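Source file: input_13.txt; contents: compact mmCIF, C-alpha atoms.
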```
# COMPACT_ATOMS: atom_id res chain seq x y z
CA ARG A 1088 113.62 79.36 155.13
CA LYS A 1089 115.86 80.38 152.28
CA ALA A 1090 115.27 84.06 153.09
CA TRP A 1091 116.23 83.86 156.76
CA ILE A 1092 119.26 81.64 156.11
CA GLU A 1093 120.49 84.18 153.55
CA ALA A 1094 119.77 87.05 155.96
CA GLU A 1095 121.95 85.43 158.60
CA ALA A 1096 124.70 84.83 156.04
CA LEU A 1097 124.56 88.52 155.07
CA GLY A 1098 125.24 89.48 158.68
CA ALA A 1099 121.82 90.29 160.12
CA ASP A 1100 122.08 90.53 163.91
CA ARG A 1101 118.46 89.55 164.51
CA ILE A 1102 115.72 88.04 162.39
CA TRP A 1103 112.12 88.82 163.25
CA VAL A 1104 108.64 87.57 162.39
CA ALA A 1105 105.18 89.05 163.03
CA ASP A 1106 102.35 87.54 165.06
CA HIS A 1107 99.26 87.85 162.87
CA PHE A 1108 96.79 85.27 161.65
CA HIS A 1109 96.11 87.38 158.57
CA ALA A 1110 98.89 89.14 156.68
CA GLN A 1111 99.29 92.91 156.95
CA VAL A 1112 100.03 95.30 154.13
CA LEU A 1113 102.05 98.33 155.20
CA THR A 1114 101.47 101.64 153.41
CA LYS A 1115 102.85 105.14 153.91
CA ASP A 1116 99.63 106.32 155.58
CA VAL A 1117 99.63 103.42 158.03
CA VAL A 1118 103.26 103.96 159.01
CA LYS A 1119 103.00 107.73 159.39
CA ASP A 1120 99.80 107.58 161.45
CA ALA A 1121 100.92 104.54 163.50
CA ALA A 1122 97.51 103.06 162.69
CA PRO A 1123 96.63 99.37 162.38
CA SER A 1124 97.43 97.97 158.97
CA PRO A 1125 94.79 96.53 156.67
CA THR A 1126 94.73 92.73 156.67
CA THR A 1127 94.59 90.38 153.72
CA TYR A 1128 94.31 86.70 152.92
CA ASP A 1129 97.88 86.66 151.62
CA LYS A 1130 100.12 83.74 152.55
CA ASN A 1131 100.86 83.63 156.27
CA PHE A 1132 102.11 81.17 158.91
CA GLU A 1133 101.80 80.93 162.70
CA SER A 1134 104.67 82.81 164.30
CA THR A 1135 105.88 80.63 167.19
CA THR A 1136 106.20 77.62 164.91
CA VAL A 1137 108.18 79.65 162.39
CA GLN A 1138 110.51 80.92 165.11
CA ALA A 1139 111.20 77.35 166.23
CA ALA A 1140 112.11 76.52 162.63
CA MET A 1141 114.36 79.58 162.49
CA ALA A 1142 116.03 78.45 165.70
CA ALA A 1143 116.78 75.04 164.23
CA THR A 1144 118.13 76.29 160.90
CA THR A 1145 120.28 79.26 161.95
CA SER A 1146 123.31 79.43 164.21
CA ARG A 1147 124.21 83.03 165.02
CA ALA A 1148 121.43 85.62 164.66
CA GLU A 1149 119.02 86.23 167.51
CA ILE A 1150 115.39 85.32 166.81
CA GLY A 1151 112.19 87.00 167.87
CA CYS A 1152 108.78 88.40 167.01
CA ILE A 1153 107.65 92.01 166.69
CA VAL A 1154 105.53 91.22 168.60
CA HIS A 1155 103.43 88.42 170.02
CA ALA A 1156 99.90 89.46 170.89
CA ASN A 1157 99.53 88.76 174.58
CA SER A 1158 95.89 87.75 174.16
CA TYR A 1159 96.61 84.74 171.95
CA ARG A 1160 98.47 82.58 174.49
CA ASN A 1161 98.14 81.95 178.20
CA PRO A 1162 101.12 83.71 179.87
CA ASN A 1163 102.47 80.49 181.36
CA LEU A 1164 102.28 78.85 177.94
CA MET A 1165 103.97 81.86 176.30
CA ALA A 1166 106.85 81.57 178.76
CA ASP A 1167 107.12 77.84 178.04
CA ILE A 1168 107.14 78.42 174.28
CA ALA A 1169 109.83 81.09 174.73
CA ARG A 1170 111.96 78.76 176.86
CA THR A 1171 111.61 75.94 174.33
CA ILE A 1172 112.63 78.08 171.35
CA ASP A 1173 115.48 79.48 173.46
CA HIS A 1174 116.83 75.94 173.92
CA ILE A 1175 116.36 75.02 170.25
CA SER A 1176 118.32 78.15 169.28
CA GLY A 1177 121.08 77.66 171.81
CA GLY A 1178 120.12 80.76 173.79
CA ARG A 1179 119.29 83.22 170.99
CA PHE A 1180 115.59 83.87 171.61
CA ILE A 1181 114.04 87.28 172.36
CA LEU A 1182 110.47 87.42 173.69
CA GLY A 1183 108.65 90.20 171.87
CA ILE A 1184 105.27 90.96 173.39
CA GLY A 1185 102.50 93.54 173.06
CA SER A 1186 98.84 93.94 173.92
CA GLY A 1187 97.54 92.97 170.46
CA TYR A 1188 95.35 95.09 168.21
CA GLN A 1189 94.32 93.36 165.00
CA GLN A 1190 90.57 92.99 165.47
CA ARG A 1191 90.02 90.61 162.59
CA ASP A 1192 92.50 88.13 164.06
CA TYR A 1193 90.65 88.18 167.37
CA GLU A 1194 87.21 87.74 165.89
CA GLU A 1195 88.01 85.02 163.34
CA TYR A 1196 90.05 82.98 165.83
CA GLY A 1197 87.56 83.33 168.68
CA TYR A 1198 89.42 85.66 171.06
CA GLU A 1199 87.66 88.37 173.05
CA TYR A 1200 88.76 91.70 171.56
CA GLY A 1201 87.89 93.92 174.51
CA THR A 1202 89.28 97.45 174.43
CA THR A 1203 92.73 98.95 174.04
CA LYS A 1204 92.78 99.61 177.78
CA SER A 1205 91.60 96.13 178.76
CA ARG A 1206 94.23 94.49 176.56
CA LEU A 1207 96.97 96.69 178.03
CA LEU A 1208 95.84 95.86 181.57
CA ASP A 1209 95.95 92.17 180.64
CA LEU A 1210 99.54 92.62 179.46
CA GLN A 1211 100.41 94.42 182.67
CA ARG A 1212 98.95 91.50 184.65
CA ASP A 1213 100.56 88.76 182.54
CA LEU A 1214 104.18 89.90 182.30
CA PRO A 1215 104.98 89.10 185.96
CA ILE A 1216 103.37 85.68 185.42
CA MET A 1217 105.67 85.00 182.47
CA LYS A 1218 108.72 86.07 184.44
CA ALA A 1219 107.74 83.84 187.36
CA ARG A 1220 107.21 80.87 185.02
CA PHE A 1221 110.73 81.29 183.60
CA ASP A 1222 112.06 80.60 187.11
CA LYS A 1223 109.83 77.53 187.59
CA LEU A 1224 110.50 75.78 184.28
CA ASN A 1225 112.67 72.68 184.15
CA PRO A 1226 114.98 73.05 182.35
CA LYS A 1227 115.21 76.80 182.74
CA PRO A 1228 115.93 79.09 179.77
CA LEU A 1229 119.57 79.09 178.69
CA ARG A 1230 119.84 82.80 179.52
CA LYS A 1231 117.71 85.59 180.95
CA ILE A 1232 115.41 85.87 177.95
CA PRO A 1233 115.26 89.54 176.87
CA ILE A 1234 111.73 90.95 176.81
CA MET A 1235 110.91 93.37 174.01
CA ILE A 1236 107.70 95.35 174.40
CA ALA A 1237 106.10 97.25 171.54
CA SER A 1238 103.75 99.87 172.93
CA MET A 1239 103.60 103.62 172.37
CA GLY A 1240 100.57 104.42 174.54
CA GLU A 1241 101.64 107.16 176.91
CA GLN A 1242 99.11 106.42 179.68
CA ILE A 1243 99.54 102.68 180.26
CA GLY A 1244 101.64 100.98 177.58
CA MET A 1245 104.86 102.92 177.98
CA ARG A 1246 104.65 102.60 181.76
CA ILE A 1247 104.63 98.83 181.23
CA VAL A 1248 107.73 99.30 179.08
CA ALA A 1249 109.47 101.24 181.83
CA GLU A 1250 108.62 98.59 184.42
CA HIS A 1251 109.32 95.39 182.48
CA ALA A 1252 111.12 95.83 179.15
CA ASP A 1253 114.71 94.99 178.32
CA MET A 1254 113.99 96.31 174.82
CA TRP A 1255 111.44 98.79 173.49
CA HIS A 1256 110.23 98.86 169.90
CA VAL A 1257 109.18 102.32 168.74
CA TYR A 1258 108.42 103.27 165.15
CA GLY A 1259 107.20 105.95 162.80
CA PRO A 1260 108.64 109.18 161.37
CA GLY A 1261 111.65 110.65 163.13
CA ALA A 1262 109.61 113.35 164.90
CA GLN A 1263 107.26 110.76 166.37
CA VAL A 1264 110.09 108.50 167.51
CA THR A 1265 111.83 111.48 169.11
CA HIS A 1266 108.68 112.51 170.98
CA LYS A 1267 107.93 109.01 172.23
CA THR A 1268 111.53 108.50 173.35
CA ASN A 1269 111.41 111.70 175.41
CA VAL A 1270 108.14 110.59 176.97
CA LEU A 1271 109.62 107.22 177.93
CA LYS A 1272 112.57 108.96 179.59
CA LYS A 1273 110.13 110.91 181.80
CA ILE A 1274 108.15 107.80 182.66
CA CYS A 1275 111.36 105.93 183.57
CA ASP A 1276 112.23 108.77 185.96
CA GLU A 1277 108.77 108.49 187.52
CA VAL A 1278 109.02 104.74 188.16
CA GLY A 1279 112.70 104.76 189.13
CA ARG A 1280 113.99 102.90 186.07
CA ASP A 1281 117.27 103.72 184.37
CA PHE A 1282 116.26 104.61 180.81
CA ASN A 1283 119.69 103.55 179.55
CA GLU A 1284 118.98 99.95 180.58
CA ILE A 1285 116.35 99.68 177.86
CA GLU A 1286 117.56 98.93 174.33
CA LEU A 1287 115.65 100.86 171.68
CA THR A 1288 114.75 99.35 168.31
CA THR A 1289 112.85 100.79 165.35
CA PHE A 1290 111.79 99.94 161.83
CA TYR A 1291 113.98 101.35 159.07
CA MET A 1292 111.51 102.10 156.28
CA PRO A 1293 112.95 104.48 153.67
CA HIS A 1294 110.66 102.92 151.06
CA LEU A 1295 107.63 103.97 153.15
CA LEU A 1296 108.80 107.07 155.00
CA GLY A 1297 111.14 108.63 152.45
CA ASP A 1298 114.72 109.65 153.03
CA ASP A 1299 113.84 112.73 155.09
CA GLU A 1300 111.51 111.12 157.62
CA GLY A 1301 113.31 107.78 157.65
CA ASP A 1302 116.84 109.16 158.09
CA PRO A 1303 118.77 106.66 160.24
CA GLU A 1304 120.90 109.50 161.63
CA VAL A 1305 117.83 110.71 163.54
CA PHE A 1306 117.47 107.31 165.15
CA LEU A 1307 121.19 107.05 165.91
CA LYS A 1308 121.13 110.40 167.70
CA LEU A 1309 118.35 109.05 169.93
CA GLY A 1310 120.52 106.09 170.89
CA ILE A 1311 118.73 103.59 168.65
CA ARG A 1312 121.31 101.11 167.40
CA HIS A 1313 119.07 98.31 166.14
CA LEU A 1314 117.36 99.22 162.87
CA ILE A 1315 114.93 96.66 161.48
CA TYR A 1316 114.31 96.57 157.76
CA ILE A 1317 110.83 95.38 156.81
CA THR A 1318 110.38 92.95 153.96
CA GLN A 1319 107.00 91.51 153.04
CA GLY A 1320 106.29 88.15 151.45
CA PRO A 1321 105.37 85.93 149.85
CA GLU A 1322 107.94 86.98 147.22
CA TRP A 1323 110.80 87.56 149.64
CA ASP A 1324 113.92 89.47 148.61
```
Could you spell out this file's structure in structure tokens?
Amino acid sequence: RKAWIEAEALGADRIWVADHFHAQVLTKDVVKDAAPSPTTYDKNFESTTVQAAMAATTSRAEIGCIVHANSYRNPNLMADIARTIDHISGGRFILGIGSGYQQRDYEEYGYEYGTTKSRLLDLQRDLPIMKARFDKLNPKPLRKIPIMIASMGEQIGMRIVAEHADMWHVYGPGAQVTHKTNVLKKICDEVGRDFNEIELTTFYMPHLLGDDEGDPEVFLKLGIRHLIYITQGPEWD
């Protein structure tokens, strides 16, 4: 709580959490290969509850998760949780969503892991359900809740981004981010979506990528204006 209150006071535009049941440890190899991170038994809390606490104890910064695993919550429930946190925050909530990938979380908490493709197809099915539930809820969300999607799969995931996302989270070295951004532009053309409608966000990780591969100027030239600095607990700074 102290960390996010100080972050808001320092001027952070948005404050994010992660949706994992076991903590992740990011390393240079993980970041550069865009591979799943190793998990640990380090201190960790459930993300939607933490976001509700953030909503109640901040006043300006937007709040969200990079990103909720779609598999963990029924899509109607996820929409209801999003609406509720949006009201607690006074209209500052962003719904971050992805297909999920951390196998240990699935297995230890009793979720069917499936395959990368099956989880992406589930996300493709569930996003319209979430959107429809927003319209049915009483009271409705305080604003059109922005949907951030984190997926870099060029066959299915990024097509879901083009069809549904208000925001897209892409990460990795500058060359990878550049490539994926160009791919998304092509997919947007294919589905008839204006690429410029989608806000791009990325992790700013000079401590993991180095100054050359993590140069923010590369991201700025791609039109990425929201840079997210990663900090890992439990000894927050």
Counting all atoms listed in the file, note down every residue that has an atom within 7 Å of the point (101.7, 86.3, 156.7) (file coordinates), as a ChimeraX atom specification.
-> /A:1107,1109-1110,1129-1132
Deliver the residues from the most recent selection as a file, using C-alpha atoms, as a short mmCIF file (atom, residue, chain, number, x, y, z; two decimals), in the frame of the given file.
```
data_model
loop_
_atom_site.label_atom_id
_atom_site.label_comp_id
_atom_site.auth_asym_id
_atom_site.auth_seq_id
_atom_site.Cartn_x
_atom_site.Cartn_y
_atom_site.Cartn_z
CA HIS A 1107 99.26 87.85 162.87
CA HIS A 1109 96.11 87.38 158.57
CA ALA A 1110 98.89 89.14 156.68
CA ASP A 1129 97.88 86.66 151.62
CA LYS A 1130 100.12 83.74 152.55
CA ASN A 1131 100.86 83.63 156.27
CA PHE A 1132 102.11 81.17 158.91
#
```
Do a neighbour search on Gly1259 in chain A at 12 Å with all atoms listed in the file, toss out local chain neighbours closer than 4 positions, and write the hits as a PyMOL selection string.
-> chain A and resi 1113-1122+1239+1263-1268+1288-1293+1295-1297+1300-1303+1305-1306
Which residue of A:Ile1234, A:Met1165, A:Leu1287, A:Leu1208 approaches Lys1308 in chain A most closely, using all atoms listed in the file | A:Leu1287
Excluding range 1144-1153 of chain A and any residue of its chain fewer than 2 positions from it, enumerate the residues within 6 Å of it, using only C-alpha atoms, and give them as a VMD selection string.
-> chain A and resid 1100 to 1105 1141 to 1142 1179 to 1181 1183
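Here the question is which of A:Leu1224, A:Val1270, A:Ala1166, A:Val1112 gets nearest to Gln1242 in chain A using all atoms listed in the file, and that residue is A:Val1270.
Our summary of the geometry notes that CA of Lys1089 in chain A is positioned 11.7 Å from CA of Ala1140 in chain A.
Distances to Pro1125 in chain A were evaluated for A:Arg1191, A:Ala1094, A:Ala1219, A:Val1278 using only C-alpha atoms, and the minimum falls at A:Arg1191.
Look at Glu1133 in chain A: the protein and nucleic acid residues within 8 Å of it, using all atoms listed in the file and passing over chain neighbours fewer than 4 places away, are A:Asp1106, A:His1107, A:Phe1108, A:Val1137.
Closest approach to Ser1238 in chain A from the set A:Leu1207, A:Lys1218, A:Asp1253, A:Gln1189 is made by A:Leu1207, with distances taken over only C-alpha atoms.
Among the candidates A:Lys1272, A:His1155, A:Arg1280, A:Arg1220, the one nearest to Gly1187 in chain A when counting only C-alpha atoms is A:His1155.
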Do you have the CA of Ala1156 in chain A-CA of Ile1184 in chain A distance handy?
-> 6.1 Å
Mind checking which residues fall within 10 Å of Tyr1188 in chain A, counting all atoms listed in the file, ignoring those fewer than 5 positions away in the same chain, and posting them as an MDAnalysis selection string?
-> chainID A and resid 1107 1122:1124 1156:1158 1193 1200:1203 1206
Write to file, as a PDB file, keeping the file's coordinate frame, the residues of the selection just made, with C-alpha atoms.
```
ATOM      1  CA  HIS A1107      99.260  87.850 162.870  1.00  0.00           C
ATOM      2  CA  ALA A1122      97.510 103.060 162.690  1.00  0.00           C
ATOM      3  CA  PRO A1123      96.630  99.370 162.380  1.00  0.00           C
ATOM      4  CA  SER A1124      97.430  97.970 158.970  1.00  0.00           C
ATOM      5  CA  ALA A1156      99.900  89.460 170.890  1.00  0.00           C
ATOM      6  CA  ASN A1157      99.530  88.760 174.580  1.00  0.00           C
ATOM      7  CA  SER A1158      95.890  87.750 174.160  1.00  0.00           C
ATOM      8  CA  TYR A1193      90.650  88.180 167.370  1.00  0.00           C
ATOM      9  CA  TYR A1200      88.760  91.700 171.560  1.00  0.00           C
ATOM     10  CA  GLY A1201      87.890  93.920 174.510  1.00  0.00           C
ATOM     11  CA  THR A1202      89.280  97.450 174.430  1.00  0.00           C
ATOM     12  CA  THR A1203      92.730  98.950 174.040  1.00  0.00           C
ATOM     13  CA  ARG A1206      94.230  94.490 176.560  1.00  0.00           C
TER      14      ARG A1206
END
```
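Closest approach to Gln1138 in chain A among A:Thr1318, A:Thr1126, A:Asp1173, A:Tyr1159 is made by A:Asp1173 (distances from only C-alpha atoms).
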